[in-house]
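Okay, coords_9.cif now, which holds mmCIF, C-alpha atoms:
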```cif
data_query
#
loop_
_atom_site.label_atom_id
_atom_site.label_comp_id
_atom_site.auth_asym_id
_atom_site.auth_seq_id
_atom_site.Cartn_x
_atom_site.Cartn_y
_atom_site.Cartn_z
CA MET A 1 -23.56 2.08 -0.45
CA SER A 2 -22.66 0.71 -3.85
CA ALA A 3 -19.44 -1.09 -4.70
CA VAL A 4 -18.26 1.86 -6.81
CA ARG A 5 -18.56 4.26 -3.88
CA ILE A 6 -16.74 1.83 -1.60
CA ILE A 7 -13.86 1.54 -4.08
CA ALA A 8 -13.73 5.33 -4.51
CA SER A 9 -13.69 5.83 -0.74
CA ALA A 10 -10.93 3.24 -0.36
CA LEU A 11 -8.82 5.02 -3.00
CA ILE A 12 -9.24 8.34 -1.20
CA ILE A 13 -8.25 6.78 2.14
CA VAL A 14 -5.20 5.04 0.60
CA GLY A 15 -4.12 8.33 -0.97
CA LEU A 16 -4.45 10.14 2.35
CA LEU A 17 -2.45 7.45 4.14
CA GLY A 18 0.25 7.75 1.49
CA LEU A 19 0.45 11.49 2.09
CA VAL A 20 0.49 11.19 5.88
CA TYR A 21 2.99 8.33 6.22
CA GLY A 22 5.00 8.64 3.01
CA GLY A 23 5.85 4.93 2.93
CA PHE A 24 5.88 1.70 4.89
CA ASN A 25 8.34 -0.82 6.35
CA TYR A 26 8.32 -4.58 6.13
CA THR A 27 10.60 -7.30 7.48
CA ARG A 28 11.79 -10.22 5.41
CA GLU A 29 13.22 -13.27 7.16
CA THR A 30 15.69 -15.54 5.36
CA HIS A 31 16.86 -18.96 6.56
CA ARG A 32 20.18 -20.39 5.44
CA ALA A 33 21.47 -23.85 6.30
CA ASP A 34 24.80 -25.53 5.62
CA LYS A 35 25.00 -28.69 3.55
CA SER A 36 25.08 -31.04 6.52
CA GLY A 37 21.95 -29.46 7.99
CA SER A 38 23.39 -29.05 11.49
CA PHE A 39 23.74 -25.27 11.32
CA GLU A 40 21.01 -22.79 10.38
CA LEU A 41 21.30 -19.02 10.09
CA SER A 42 18.26 -16.74 10.28
CA ILE A 43 18.54 -13.21 8.92
CA LYS A 44 15.89 -10.52 9.40
CA ASP A 45 16.10 -7.73 6.86
CA THR A 46 13.95 -4.59 7.22
CA ARG A 47 13.06 -2.80 4.00
CA THR A 48 11.42 0.58 3.50
CA VAL A 49 9.16 1.37 0.56
CA TYR A 50 8.63 5.08 -0.07
CA VAL A 51 5.43 6.27 -1.74
CA PRO A 52 5.97 9.38 -3.88
CA ILE A 53 3.68 12.33 -3.23
CA TRP A 54 2.48 12.39 -6.84
CA VAL A 55 1.27 8.79 -6.54
CA SER A 56 -0.74 9.58 -3.40
CA VAL A 57 -2.28 12.69 -4.95
CA SER A 58 -3.09 10.81 -8.17
CA VAL A 59 -4.84 8.02 -6.28
CA MET A 60 -6.88 10.57 -4.34
CA VAL A 61 -7.85 12.45 -7.53
CA VAL A 62 -8.96 9.20 -9.18
CA GLY A 63 -10.99 8.31 -6.08
CA TRP A 64 -12.67 11.71 -6.02
CA GLY A 65 -13.35 11.50 -9.75
CA ILE A 66 -15.00 8.11 -9.42
CA LEU A 67 -17.03 9.34 -6.46
CA LEU A 68 -18.23 12.43 -8.32
CA MET A 69 -19.09 10.45 -11.46
CA SER A 70 -21.08 7.93 -9.42
CA ASN A 71 -23.06 10.76 -7.79
CA LYS A 72 -23.97 12.28 -11.18
CA LYS A 73 -25.57 9.02 -12.34
CA THR A 74 -27.99 8.92 -9.40
#
```

Serialized structure, structure tokens:
Amino acid sequence: MSAVRIIASALIIVGLLGLVYGGFNYTRETHRADKSGSFELSIKDTRTVYVPIWVSVSVMVVGWGILLMSNKKT
């Protein structure tokens, strides 16, 4: 399998995952300390990133296009 086909397949899979899940969550941890250094506060903040449907579909279309163009050359 050539590198172009692997990239095209990866784009198709990423597009499908974007359609199925619609986004992803990640946690960011922040540490704060006072000036004397004897007190430290740790904050965990969860963020959600939404992937629009049009982005997922576009990525899949590009992946399919690359895959079809690579098949025509062989």

Next on the checklist: Taking the file as I've supplied it (selection: the PyMOL selection byres ((chain A and resi 10-14) around 7)), which residues are included? Please answer as a ChimeraX atom specification.
Outcome noted: /A:6-9,15-18,59-60,63-64

Item to check | Point-to-point distance in Å for CA of Ser58 in chain A and CA of Val4 in chain A | outcome: 17.7 Å

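Non-sequential neighbours of Tyr26 in chain A (distance at most 7 Å, separation of 2 or more positions within a chain, only C-alpha atoms) are A:Phe24, A:Arg28, A:Thr46, A:Arg47, A:Thr48.
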
Checklist entry - Applied to the shown file, which residues does the PyMOL selection byres ((chain A and resi 41-44) around 7) return, written as a count of residues only? => result 11

Item to check | Interatomic distance, CA of Ala3 in chain A to CA of Asn71 in chain A (Å, one decimal) | outcome: 12.8 Å

Next on the checklist: For a test of reading the model, state the distance in Å between CA of Ser56 in chain A and CA of Ser70 in chain A, rounded to one decimal.
Outcome noted: 21.3 Å

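Considering the residues A:Leu19, A:Met1, A:Val49, A:Val55 and counting all atoms listed in the file, Leu67 in chain A has its shortest atom-to-atom contact with A:Met1.
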
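Once the PyMOL selection byres ((chain A and resi 50) around 6) is applied to this file, the selection holds A:Gly22, A:Gly23, A:Val49, A:Val51.
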
Using the atoms already present, construct N, CA and C atoms for range 26-40 of chain A and hand them back as a compact mmCIF listing (two decimals), keeping the file's coordinate frame.
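Result saved to part.txt:
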```
# COMPACT_ATOMS: atom_id res chain seq x y z
N TYR A 26 8.65 -3.17 5.96
CA TYR A 26 8.32 -4.58 6.13
C TYR A 26 9.60 -5.35 6.42
N THR A 27 9.45 -6.47 7.09
CA THR A 27 10.60 -7.30 7.48
C THR A 27 10.55 -8.61 6.72
N ARG A 28 11.68 -8.96 6.14
CA ARG A 28 11.79 -10.22 5.41
C ARG A 28 12.78 -11.11 6.17
N GLU A 29 12.38 -12.34 6.42
CA GLU A 29 13.22 -13.27 7.16
C GLU A 29 13.74 -14.34 6.20
N THR A 30 15.04 -14.57 6.24
CA THR A 30 15.69 -15.54 5.36
C THR A 30 16.38 -16.60 6.23
N HIS A 31 16.21 -17.86 5.86
CA HIS A 31 16.86 -18.96 6.56
C HIS A 31 17.92 -19.57 5.64
N ARG A 32 19.09 -19.74 6.18
CA ARG A 32 20.18 -20.39 5.44
C ARG A 32 20.70 -21.57 6.27
N ALA A 33 20.95 -22.67 5.61
CA ALA A 33 21.47 -23.85 6.30
C ALA A 33 22.70 -24.35 5.55
N ASP A 34 23.63 -24.95 6.30
CA ASP A 34 24.80 -25.53 5.62
C ASP A 34 24.41 -26.87 5.01
N LYS A 35 25.32 -27.46 4.28
CA LYS A 35 25.00 -28.69 3.55
C LYS A 35 24.72 -29.88 4.46
N SER A 36 25.32 -29.91 5.63
CA SER A 36 25.08 -31.04 6.52
C SER A 36 23.77 -30.89 7.28
N GLY A 37 23.23 -29.66 7.33
CA GLY A 37 21.95 -29.46 7.99
C GLY A 37 22.05 -29.26 9.49
N SER A 38 23.26 -29.19 10.05
CA SER A 38 23.39 -29.05 11.49
C SER A 38 23.44 -27.58 11.92
N PHE A 39 23.61 -26.68 10.99
CA PHE A 39 23.74 -25.27 11.32
C PHE A 39 22.75 -24.47 10.46
N GLU A 40 21.97 -23.62 11.11
CA GLU A 40 21.01 -22.79 10.38
C GLU A 40 21.16 -21.34 10.81
```
